[in-house]
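Below is the file start.tsv, which contains TSV, C-alpha atoms.
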```tsv
chain	number	residue	atom	x	y	z
Q	1	MET	CA	151.09	21.07	216.05
Q	2	ARG	CA	154.12	19.17	214.73
Q	3	PHE	CA	153.12	19.91	211.14
Q	4	LEU	CA	153.87	23.60	211.82
Q	5	PHE	CA	157.54	22.75	212.22
Q	6	ASP	CA	157.67	20.12	209.49
Q	7	SER	CA	160.09	21.28	206.79
Q	8	ASP	CA	158.33	19.19	204.15
Q	9	THR	CA	155.06	21.05	204.81
Q	10	TRP	CA	156.70	24.43	204.35
Q	11	GLN	CA	158.55	23.25	201.25
Q	12	GLU	CA	155.26	22.20	199.70
Q	13	ILE	CA	153.69	25.55	200.59
Q	14	TYR	CA	156.71	27.35	199.13
Q	15	GLY	CA	156.50	25.25	195.99
Q	16	SER	CA	152.82	26.00	195.59
Q	17	ILE	CA	153.38	29.76	196.03
Q	18	ARG	CA	156.36	29.70	193.66
Q	19	LYS	CA	154.37	28.01	190.92
Q	20	ASN	CA	151.72	30.71	191.06
Q	21	ARG	CA	153.71	33.83	191.82
Q	22	VAL	CA	151.45	36.29	190.02
Q	23	ARG	CA	148.29	34.80	191.43
Q	24	THR	CA	149.78	34.72	194.94
Q	25	ALA	CA	150.96	38.31	194.65
Q	26	ILE	CA	147.50	39.46	193.54
Q	27	THR	CA	145.94	37.55	196.44
Q	28	ILE	CA	148.30	39.09	199.00
Q	29	ILE	CA	147.70	42.57	197.58
Q	30	GLY	CA	143.95	42.07	197.91
Q	31	VAL	CA	144.18	41.27	201.64
Q	32	LEU	CA	146.97	43.81	202.18
Q	33	TRP	CA	144.81	46.53	200.64
Q	34	GLY	CA	141.94	45.67	202.99
Q	35	ILE	CA	143.84	46.04	206.26
Q	36	PHE	CA	145.90	48.91	204.81
Q	37	LEU	CA	142.68	50.79	204.03
Q	38	LEU	CA	141.28	50.00	207.47
Q	39	VAL	CA	144.39	51.33	209.25
Q	40	VAL	CA	144.63	54.48	207.12
Q	41	LEU	CA	140.92	55.29	207.35
Q	42	LEU	CA	140.78	54.73	211.11
Q	43	GLY	CA	143.90	56.83	211.61
Q	44	ALA	CA	142.59	59.63	209.41
Q	45	ALA	CA	139.21	59.57	211.18
Q	46	ARG	CA	140.95	59.86	214.53
Q	47	GLY	CA	143.06	62.72	213.18
Q	48	VAL	CA	139.88	64.56	212.13
Q	49	ASP	CA	138.37	63.87	215.57
Q	50	ASN	CA	141.46	65.27	217.29
Q	51	GLY	CA	141.31	68.30	214.99
Q	52	PHE	CA	137.75	69.06	216.04
Q	53	LYS	CA	138.66	68.58	219.70
Q	54	LYS	CA	141.43	71.10	219.26
Q	55	ILE	CA	138.99	73.57	217.74
Q	56	PHE	CA	136.71	73.30	220.76
Q	57	GLY	CA	139.78	73.35	222.97
Q	58	ASP	CA	139.39	74.14	226.65
Q	59	PHE	CA	135.92	75.64	226.32
Q	60	ALA	CA	133.05	74.02	228.24
Q	61	THR	CA	131.34	72.39	225.28
Q	62	ASN	CA	127.78	72.40	226.68
Q	63	SER	CA	127.57	76.19	226.77
Q	64	VAL	CA	125.09	78.78	225.47
Q	65	PHE	CA	125.77	82.48	224.82
Q	66	VAL	CA	122.82	84.86	225.18
Q	67	TRP	CA	122.49	88.58	224.38
Q	68	THR	CA	119.72	91.07	223.60
Q	69	GLN	CA	118.69	92.59	220.28
Q	70	ALA	CA	115.58	94.52	219.17
Q	71	THR	CA	112.05	93.16	219.51
Q	72	ASP	CA	110.02	92.28	216.43
Q	73	THR	CA	106.58	92.02	218.06
Q	74	PRO	CA	104.64	94.65	220.08
Q	75	PHE	CA	103.78	93.47	223.58
Q	76	LYS	CA	102.20	94.95	226.72
Q	77	GLY	CA	102.24	98.48	225.35
Q	78	PHE	CA	105.81	98.30	224.04
Q	79	GLN	CA	106.36	98.97	220.35
Q	80	GLU	CA	108.18	96.77	217.85
Q	81	GLY	CA	111.90	97.52	217.63
Q	82	ARG	CA	112.32	98.19	221.36
Q	83	ARG	CA	115.87	97.76	222.60
Q	84	PHE	CA	116.69	96.70	226.14
Q	85	ARG	CA	119.60	95.38	228.21
Q	86	LEU	CA	120.20	92.25	230.25
Q	87	LYS	CA	120.38	92.96	233.98
Q	88	MET	CA	122.21	91.45	236.96
Q	89	ASN	CA	118.74	90.65	238.32
Q	90	ASP	CA	118.36	88.27	235.36
Q	91	ILE	CA	121.42	86.35	236.53
Q	92	GLU	CA	119.98	85.86	240.00
Q	93	ALA	CA	116.59	84.85	238.60
Q	94	LEU	CA	118.14	82.23	236.31
Q	95	LYS	CA	120.34	80.83	239.07
Q	96	SER	CA	117.27	80.48	241.27
Q	97	GLU	CA	115.01	78.88	238.66
Q	98	TYR	CA	117.58	76.54	237.08
Q	99	GLN	CA	119.64	75.42	240.05
Q	100	GLU	CA	119.86	71.80	238.87
Q	101	GLU	CA	120.40	72.56	235.19
Q	102	ILE	CA	123.00	75.34	235.30
Q	103	LYS	CA	126.60	74.58	236.24
Q	104	PHE	CA	128.18	77.96	235.46
Q	105	LEU	CA	126.60	81.32	234.71
Q	106	ALA	CA	128.85	84.24	233.84
Q	107	PRO	CA	127.64	87.80	233.13
Q	108	ARG	CA	130.02	89.77	230.94
Q	109	ASN	CA	130.61	93.42	229.98
Q	110	GLN	CA	132.98	94.49	227.23
Q	111	THR	CA	134.25	97.62	225.51
Q	112	ASN	CA	137.24	98.80	223.49
Q	113	ASN	CA	139.82	101.19	224.89
Q	114	LEU	CA	143.25	102.61	224.30
Q	115	ILE	CA	145.74	100.86	226.58
Q	116	VAL	CA	149.06	102.57	227.36
Q	117	HIS	CA	152.28	101.49	229.02
Q	118	ASP	CA	155.11	104.02	229.11
Q	119	PHE	CA	155.35	105.25	225.50
Q	120	LYS	CA	153.71	102.21	223.91
Q	121	SER	CA	149.99	101.88	223.27
Q	122	GLY	CA	147.35	99.91	221.45
Q	123	ASN	CA	143.59	99.67	221.09
Q	124	PHE	CA	142.31	96.48	222.72
Q	125	GLN	CA	139.15	94.93	224.07
Q	126	VAL	CA	138.52	95.34	227.80
Q	127	SER	CA	136.29	92.80	229.51
Q	128	GLY	CA	134.69	92.91	232.95
Q	129	ASP	CA	134.43	89.34	234.24
Q	130	TYR	CA	134.05	87.08	237.23
Q	131	PRO	CA	136.61	84.37	238.15
Q	132	ILE	CA	134.11	81.74	236.99
Q	133	LEU	CA	135.00	82.60	233.38
Q	134	ASP	CA	138.27	80.74	233.90
Q	135	GLN	CA	136.25	77.55	234.54
Q	136	ILE	CA	134.14	77.99	231.41
Q	137	GLN	CA	137.21	78.57	229.26
Q	138	LYS	CA	140.50	77.82	230.96
Q	139	LYS	CA	143.07	80.53	230.37
Q	140	LYS	CA	146.58	79.30	229.66
Q	141	LEU	CA	148.44	81.54	232.05
Q	142	ILE	CA	152.09	82.09	231.20
Q	143	VAL	CA	152.81	84.02	234.38
Q	144	GLY	CA	150.73	85.32	237.26
Q	145	ARG	CA	147.09	84.54	237.95
Q	146	PHE	CA	143.56	85.21	236.77
Q	147	ILE	CA	141.01	87.45	238.48
Q	148	ASN	CA	139.95	86.15	241.91
Q	149	GLU	CA	137.14	86.76	244.39
Q	150	ASN	CA	139.17	89.26	246.40
Q	151	ASP	CA	139.50	91.39	243.26
Q	152	ILE	CA	135.71	91.29	242.83
Q	153	LEU	CA	134.95	92.18	246.45
Q	154	SER	CA	137.47	95.00	246.64
Q	155	THR	CA	136.80	96.31	243.08
Q	156	ALA	CA	140.55	96.08	242.58
Q	157	LYS	CA	142.16	97.83	239.64
Q	158	VAL	CA	144.00	94.75	238.37
Q	159	THR	CA	144.13	93.23	234.92
Q	160	VAL	CA	145.12	90.07	233.08
Q	161	ILE	CA	146.47	90.65	229.57
Q	162	SER	CA	147.27	88.44	226.59
Q	163	GLU	CA	150.76	87.49	225.46
Q	164	ASN	CA	150.35	89.59	222.30
Q	165	MET	CA	149.36	92.62	224.37
Q	166	TYR	CA	152.43	92.10	226.54
Q	167	LYS	CA	154.68	92.00	223.46
Q	168	GLN	CA	153.13	95.19	222.11
Q	169	LEU	CA	153.12	97.18	225.36
Q	170	PHE	CA	156.30	95.98	227.10
Q	171	ASP	CA	159.96	95.85	226.19
Q	172	LYS	CA	161.44	92.46	225.44
Q	173	GLY	CA	162.49	90.75	228.67
Q	174	GLU	CA	160.59	93.21	230.85
Q	175	LYS	CA	158.62	91.53	233.62
Q	176	PRO	CA	154.95	92.54	233.43
Q	177	ILE	CA	153.70	91.24	236.79
Q	178	GLY	CA	153.33	94.12	239.22
Q	179	GLU	CA	153.69	96.74	236.49
Q	180	TYR	CA	150.93	99.23	235.70
Q	181	ILE	CA	149.16	99.93	232.43
Q	182	LYS	CA	146.63	102.67	231.71
Q	183	ILE	CA	143.16	101.70	230.54
Q	184	ASN	CA	140.91	104.67	229.85
Q	185	SER	CA	143.54	106.83	231.63
Q	186	ILE	CA	143.25	104.73	234.82
Q	187	ASN	CA	146.16	102.70	236.18
Q	188	TYR	CA	145.69	98.94	236.45
Q	189	LYS	CA	148.17	96.54	237.97
Q	190	VAL	CA	149.06	93.58	235.75
Q	191	VAL	CA	148.58	90.35	237.73
Q	192	GLY	CA	148.70	87.80	234.89
Q	193	VAL	CA	149.60	87.13	231.26
Q	194	TYR	CA	147.83	84.38	229.31
Q	195	GLY	CA	148.78	82.64	226.07
Q	196	PRO	CA	146.68	81.62	223.05
Q	197	SER	CA	143.79	79.32	223.86
Q	198	ASN	CA	143.44	75.86	222.37
Q	199	GLY	CA	140.58	76.04	219.90
Q	200	ILE	CA	137.64	78.40	220.31
Q	201	ASP	CA	138.69	81.81	221.60
Q	202	LEU	CA	135.86	84.31	221.89
Q	203	ASP	CA	137.98	87.08	223.35
Q	204	GLY	CA	141.24	87.22	221.42
Q	205	ASP	CA	143.56	89.87	222.83
Q	206	THR	CA	141.59	91.15	225.81
Q	207	ALA	CA	142.46	92.89	229.06
Q	208	PHE	CA	140.36	91.19	231.75
Q	209	ILE	CA	139.42	93.28	234.76
Q	210	PRO	CA	137.08	92.48	237.70
Q	211	PHE	CA	133.40	92.76	236.83
Q	212	THR	CA	132.76	95.10	239.76
Q	213	THR	CA	135.63	97.34	238.70
Q	214	PHE	CA	134.28	97.53	235.16
Q	215	LYS	CA	130.85	98.41	236.56
Q	216	ARG	CA	132.25	101.29	238.62
Q	217	VAL	CA	134.67	102.69	236.01
Q	218	TYR	CA	132.29	102.51	233.04
Q	219	ASN	CA	129.14	103.24	235.06
Q	220	THR	CA	127.22	100.26	233.70
Q	221	ALA	CA	124.95	100.18	236.76
Q	222	ASN	CA	122.90	96.97	236.70
Q	223	ASN	CA	123.41	96.29	232.97
Q	224	ILE	CA	125.32	93.45	231.35
Q	225	ASP	CA	126.22	92.97	227.69
Q	226	TRP	CA	125.79	89.21	227.45
Q	227	MET	CA	126.02	85.99	229.45
Q	228	VAL	CA	127.57	82.55	229.14
Q	229	ILE	CA	125.59	79.61	230.53
Q	230	THR	CA	127.11	76.15	230.96
Q	231	ALA	CA	124.80	73.23	231.67
Q	232	ASN	CA	125.45	70.31	233.99
Q	233	PRO	CA	126.30	66.94	232.39
Q	234	GLY	CA	123.28	65.11	231.03
Q	235	ILE	CA	121.18	68.25	230.59
Q	236	ASP	CA	119.56	68.83	227.19
Q	237	ILE	CA	121.39	72.04	226.28
Q	238	GLU	CA	118.97	72.87	223.45
Q	239	GLN	CA	115.96	72.61	225.74
Q	240	MET	CA	117.73	74.64	228.40
Q	241	GLU	CA	118.46	77.37	225.84
Q	242	SER	CA	114.76	77.60	224.98
Q	243	ASP	CA	113.73	77.63	228.63
Q	244	VAL	CA	116.24	80.31	229.60
Q	245	ILE	CA	115.24	82.60	226.72
Q	246	LEU	CA	111.54	82.14	227.58
Q	247	THR	CA	112.29	83.10	231.19
Q	248	LEU	CA	114.20	86.18	230.05
Q	249	LYS	CA	111.28	87.16	227.79
Q	250	ASN	CA	108.97	87.07	230.78
Q	251	LEU	CA	111.39	89.17	232.84
Q	252	HIS	CA	111.69	91.82	230.12
Q	253	ASN	CA	108.05	91.91	228.89
Q	254	VAL	CA	108.88	90.40	225.50
Q	255	HIS	CA	106.28	88.50	223.50
Q	256	PRO	CA	106.78	84.70	223.90
Q	257	GLU	CA	106.80	84.27	220.10
Q	258	ASP	CA	109.31	87.08	219.47
Q	259	LYS	CA	112.13	85.57	217.41
Q	260	ARG	CA	114.47	88.56	217.33
Q	261	ALA	CA	114.55	89.97	220.85
Q	262	PHE	CA	117.25	87.60	222.08
Q	263	GLY	CA	120.26	86.38	220.19
Q	264	SER	CA	121.96	83.14	221.18
Q	265	PHE	CA	124.61	80.71	220.10
Q	266	ASN	CA	124.42	77.13	221.34
Q	267	LEU	CA	127.87	75.62	221.34
Q	268	GLY	CA	126.53	72.31	222.64
Q	269	VAL	CA	124.23	71.88	219.63
Q	270	GLN	CA	127.04	72.65	217.20
Q	271	ILE	CA	129.31	70.15	218.91
Q	272	ALA	CA	126.54	67.53	218.82
Q	273	LYS	CA	126.35	67.99	215.03
Q	274	VAL	CA	130.10	67.53	214.73
Q	275	THR	CA	129.97	64.49	217.03
Q	276	GLY	CA	127.26	62.97	214.87
Q	277	PHE	CA	129.35	63.55	211.77
Q	278	LEU	CA	132.38	61.94	213.42
Q	279	THR	CA	130.30	58.94	214.50
Q	280	GLY	CA	129.08	58.49	210.94
Q	281	LEU	CA	132.63	58.84	209.66
Q	282	GLN	CA	133.83	56.16	212.07
Q	283	PHE	CA	131.01	53.83	210.98
Q	284	MET	CA	131.79	54.34	207.30
Q	285	THR	CA	135.48	53.79	208.00
Q	286	TRP	CA	134.85	50.47	209.71
Q	287	PHE	CA	132.33	49.39	207.09
Q	288	VAL	CA	134.57	50.13	204.11
Q	289	GLY	CA	137.69	48.72	205.79
Q	290	ILE	CA	136.07	45.48	206.96
Q	291	ALA	CA	134.25	44.97	203.64
Q	292	THR	CA	137.53	45.34	201.77
Q	293	LEU	CA	139.22	43.03	204.25
Q	294	ILE	CA	136.60	40.32	203.79
Q	295	ALA	CA	136.78	40.67	200.02
Q	296	GLY	CA	140.53	40.08	200.18
Q	297	VAL	CA	140.10	37.02	202.38
Q	298	PHE	CA	137.54	35.55	199.97
Q	299	ALA	CA	140.06	36.13	197.20
Q	300	ILE	CA	142.46	33.88	199.10
Q	301	GLY	CA	139.76	31.19	199.31
Q	302	ASN	CA	139.12	31.39	195.58
Q	303	ILE	CA	142.82	31.20	194.76
Q	304	LEU	CA	143.22	28.14	196.99
Q	305	LEU	CA	140.23	26.45	195.36
Q	306	ILE	CA	141.90	26.95	191.97
Q	307	THR	CA	145.16	25.72	193.43
Q	308	VAL	CA	143.52	22.56	194.75
Q	309	LYS	CA	142.02	21.94	191.30
Q	310	GLU	CA	145.40	22.38	189.63
Q	311	ARG	CA	147.10	20.12	192.18
Q	312	THR	CA	144.60	17.28	191.85
Q	313	GLN	CA	147.21	14.83	190.57
Q	314	GLU	CA	149.70	15.83	193.23
Q	315	ILE	CA	147.11	15.37	195.97
Q	316	GLY	CA	146.13	12.00	194.47
Q	317	ILE	CA	149.75	10.82	194.52
Q	318	ARG	CA	150.15	11.96	198.13
Q	319	ARG	CA	146.96	10.10	199.08
Q	320	ALA	CA	148.19	6.97	197.24
Q	321	LEU	CA	151.47	7.17	199.15
Q	322	GLY	CA	149.64	7.23	202.47
Q	323	ALA	CA	148.98	10.90	203.18
Q	324	THR	CA	145.94	11.27	205.43
Q	325	PRO	CA	143.07	13.66	204.72
Q	326	LYS	CA	144.02	15.46	207.94
Q	327	SER	CA	147.59	16.21	206.75
Q	328	ILE	CA	146.31	17.52	203.40
Q	329	ARG	CA	143.67	19.63	205.15
Q	330	GLN	CA	146.28	21.06	207.51
Q	331	GLN	CA	148.58	22.02	204.65
Q	332	ILE	CA	145.86	23.88	202.75
Q	333	ILE	CA	144.71	25.72	205.90
Q	334	LEU	CA	148.30	26.56	206.84
Q	335	GLU	CA	148.87	28.00	203.37
Q	336	SER	CA	145.76	30.16	203.75
Q	337	VAL	CA	146.84	31.38	207.21
Q	338	PHE	CA	150.37	32.05	205.98
Q	339	LEU	CA	149.21	34.19	203.06
Q	340	THR	CA	146.73	36.03	205.29
Q	341	THR	CA	149.36	36.71	207.96
Q	342	VAL	CA	151.94	38.00	205.49
Q	343	ALA	CA	149.37	40.22	203.79
Q	344	GLY	CA	148.10	41.51	207.16
Q	345	MET	CA	151.56	42.39	208.45
Q	346	LEU	CA	152.47	44.19	205.22
Q	347	GLY	CA	149.15	46.07	205.27
Q	348	ILE	CA	149.72	47.26	208.85
Q	349	ILE	CA	153.29	48.34	208.08
Q	350	PHE	CA	152.34	50.25	204.93
Q	351	GLY	CA	149.30	51.78	206.62
Q	352	SER	CA	151.39	52.99	209.56
Q	353	PHE	CA	153.92	54.46	207.14
Q	354	ILE	CA	151.19	56.39	205.28
Q	355	LEU	CA	149.80	57.71	208.60
Q	356	PHE	CA	153.30	58.88	209.48
Q	357	ILE	CA	153.48	60.77	206.18
Q	358	ILE	CA	150.00	62.25	206.73
Q	359	ASP	CA	150.98	63.41	210.22
Q	360	ALA	CA	154.21	64.97	208.94
Q	361	THR	CA	152.37	66.69	206.08
Q	362	PHE	CA	149.01	67.73	207.52
Q	363	GLY	CA	149.33	67.23	211.28
Q	364	GLN	CA	151.87	69.89	212.19
Q	365	GLY	CA	151.38	73.55	213.07
Q	366	ASP	CA	148.55	75.57	214.61
Q	367	ASP	CA	146.33	75.14	211.53
Q	368	ALA	CA	146.77	71.37	211.28
Q	369	ALA	CA	143.82	69.63	209.61
Q	370	LEU	CA	144.62	66.16	210.97
Q	371	ILE	CA	146.13	65.94	214.44
Q	372	ASN	CA	147.92	62.76	215.53
Q	373	PRO	CA	146.28	60.41	212.98
Q	374	THR	CA	146.97	57.12	214.76
Q	375	VAL	CA	145.22	53.82	215.50
Q	376	ASN	CA	145.18	52.26	218.95
Q	377	ILE	CA	147.35	49.15	219.28
Q	378	PRO	CA	144.45	47.02	220.65
Q	379	ILE	CA	142.42	47.83	217.52
Q	380	ILE	CA	145.36	46.80	215.32
Q	381	ILE	CA	145.71	43.53	217.24
Q	382	ILE	CA	141.97	42.80	217.03
Q	383	ALA	CA	141.94	43.53	213.29
Q	384	PHE	CA	145.01	41.34	212.74
Q	385	VAL	CA	143.64	38.43	214.80
Q	386	THR	CA	140.28	38.73	213.02
Q	387	LEU	CA	142.09	38.59	209.70
Q	388	ILE	CA	143.91	35.41	210.68
Q	389	VAL	CA	140.69	33.80	211.94
Q	390	LEU	CA	138.96	34.68	208.66
Q	391	GLY	CA	141.95	33.30	206.76
Q	392	THR	CA	141.66	30.05	208.71
Q	393	LEU	CA	137.93	29.77	208.13
Q	394	ILE	CA	138.17	30.54	204.43
Q	395	GLY	CA	140.94	27.95	204.13
Q	396	LEU	CA	138.57	25.24	205.39
Q	397	ILE	CA	136.65	25.27	202.10
Q	398	PRO	CA	139.51	24.37	199.76
Q	399	ALA	CA	140.93	22.10	202.47
Q	400	HIS	CA	137.69	20.15	202.56
Q	401	MET	CA	137.64	19.99	198.75
Q	402	ALA	CA	141.17	18.60	198.79
Q	403	THR	CA	140.20	15.77	201.16
Q	404	LEU	CA	137.40	14.72	198.80
Q	405	VAL	CA	139.90	13.91	196.04
Q	406	ARG	CA	140.07	10.14	195.47
Q	407	PRO	CA	143.55	8.83	194.62
Q	408	ILE	CA	142.39	6.76	191.58
Q	409	GLU	CA	140.37	9.59	190.06
Q	410	ALA	CA	143.17	12.07	190.74
Q	411	LEU	CA	145.75	9.94	189.00
Q	412	ARG	CA	143.48	9.73	185.93
Q	413	GLU	CA	143.22	13.55	185.85
Q	414	GLU	CA	145.03	15.05	182.88
```

Could you take the file, read its structure, and then write that structure out as structure tokens?
Amino acid sequence: MRFLFDSDTWQEIYGSIRKNRVRTAITIIGVLWGIFLLVVLLGAARGVDNGFKKIFGDFATNSVFVWTQATDTPFKGFQEGRRFRLKMNDIEALKSEYQEEIKFLAPRNQTNNLIVHDFKSGNFQVSGDYPILDQIQKKKLIVGRFINENDILSTAKVTVISENMYKQLFDKGEKPIGEYIKINSINYKVVGVYGPSNGIDLDGDTAFIPFTTFKRVYNTANNIDWMVITANPGIDIEQMESDVILTLKNLHNVHPEDKRAFGSFNLGVQIAKVTGFLTGLQFMTWFVGIATLIAGVFAIGNILLITVKERTQEIGIRRALGATPKSIRQQIILESVFLTTVAGMLGIIFGSFILFIIDATFGQGDDAALINPTVNIPIIIIAFVTLIVLGTLIGLIPAHMATLVRPIEALREE
């Protein structure tokens, strides 16, 4: 390892680089561009991934939403175009039949009503729900709590409102918890205020009240508007959607081939499509980055081969003066590693700077397209070490060519 600290070795490397400044600069730019592109592409891909994760937010991603529509096929004496409602009995039947597949199952009822507090009012959505909804999509409570089991059992007239509803119905600085608002001319006690959800928000500004209270006040009897089903990990959510809808068709005397009777939206399938796209994006990023990196390293090898050819006389003189093939080989390899290292460090620095600019430009605000476009330090280290290893390996070729130079033939070279 002494040759690493030999001043003569570094002077020779410096002299070689100085003689071929343009060629050296082009070589460094080639390798620099490779690792620069790798860093920027990986960072941008991660920013896109984070952006999609923000869109899906706190929602249970393996969820299906199911509701009823009108039939399109006559069946068992019922005419085409029949309308029907989901029932609470359906919930119990699904829980019983799909105990292992279903993690959460939430029936929901919704309507729109005028909501009043003192002399302020607004028309908002009112939703009758169970506490389990908070596990399917976590509410970001600013103050207070969400609906609980005691509210359900006692059919309590309590409500949880959004931050925007609070701002519209209450005076600035007024504490909402414990205050009453009127929904459909009935007083409800405010027990919680929630903020905007991260990502998907099906409800927007909604006043949540206990499902049992909604049932009594709006006289919905055994009917429900729609349901949210969340599958356990590892369950094929698409298959479960088909099975659940087939079960509901049997319960409601709907033809098995009826395509219109039930509407559904499978969030898990949509997320799987996005995940597949992100996986492909990551693959393309690595492929393009590594290919460019290798191309740059090969450029270094080609430049060093030319350099060895141009320095034939010099190498011959050194051999005649007693330089060993090992010392010449070490110098050529060291030059290759030096150029690769410098180019790699510059590429990482410039790439990180571009990611900083991208984050400042596109990664800020609620509508950010790229969120935190960064690359993990271990990945940077692996890429950098790989670059140096490739630089060492590619340097072996011109180094071997240099050791084949015979002193007599080299001295004859014009």

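Using only C-alpha atoms, the shortest contact distance between Asp72 (chain Q) and any of Q:Ile357, Q:Ala261, Q:Ala299, Q:Ile271 is found at Q:Ala261.
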
Seminar exercise, completed: Using all atoms listed in the file, the shortest atom-to-atom distance to Leu86 (chain Q) among Q:Ile388, Q:Ile132, Q:Leu248, Q:Ile147 belongs to Q:Leu248

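With only C-alpha atoms as the basis for measurement, Q:Gln69 is the residue among Q:Gln69, Q:Val193, Q:Arg216, Q:Asp151 that approaches Arg82 (chain Q) most closely.
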
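Across Q:Thr285, Q:Val22, Q:Thr247, Q:Val31, the tightest approach to Ile348 (chain Q) is made by Q:Val31 when counting all atoms listed in the file.
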
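The smallest atom-to-atom distance between Phe146 (chain Q) and any of Q:Asn184, Q:Gly192, Q:Val297, Q:Thr340, using all atoms listed in the file, is found for Q:Gly192.
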
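The coordinates place CA of Ile28 (chain Q) at 5.0 Å from CA of Ala343 (chain Q).
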
Exercise. Using all atoms listed in the file, can you list as number ranges by chain the residues within 6 Å of (139.5, 92.5, 222.0)?
Worked result: Q: 124-125, 203-206

Exercise. Nearest to Leu346 (chain Q) among Q:Trp33, Q:Thr24, Q:Gly280, Q:Arg83, with distances taken over only C-alpha atoms: which residue is it?
Worked result: Q:Trp33

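Taking CA of Leu153 (chain Q) and CA of Met165 (chain Q) as the two end points, the separation is 26.4 Å.
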
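Atom pair CA of Ile224 (chain Q) / CA of Gly144 (chain Q): separated by 27.3 Å.
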
Exercise. If we count all atoms listed in the file, what is near Asp171 (chain Q) at a cut-off of 10 Å, once residues fewer than 5 positions away on the same chain are taken out, given as a ChimeraX atom specification?
Worked result: /Q:117-118,120,166,176

Once you add 8 Å to each side, what are the centre and edge lengths of the axis-aligned box holding all listed atoms of region 61-79 of chain Q? One decimal in Å, as JSON, if you can.
```
{"center_x": 116.8, "center_y": 85.7, "center_z": 221.6, "size_x": 45.1, "size_y": 42.6, "size_z": 26.3}
```

Problem set entry | Residue neighbourhood region 291-293 of chain Q, 10 Å, all atoms listed in the file, exclusion window fewer than 5 positions, as a list in words | Gly30, Val31, Leu32, Trp33, Gly34, Ile35, Phe36, Leu37, Leu38, Thr285, Trp286, Phe298, Ala299, Gly344, Ala383, Thr386, Leu387 and Leu390 of chain Q
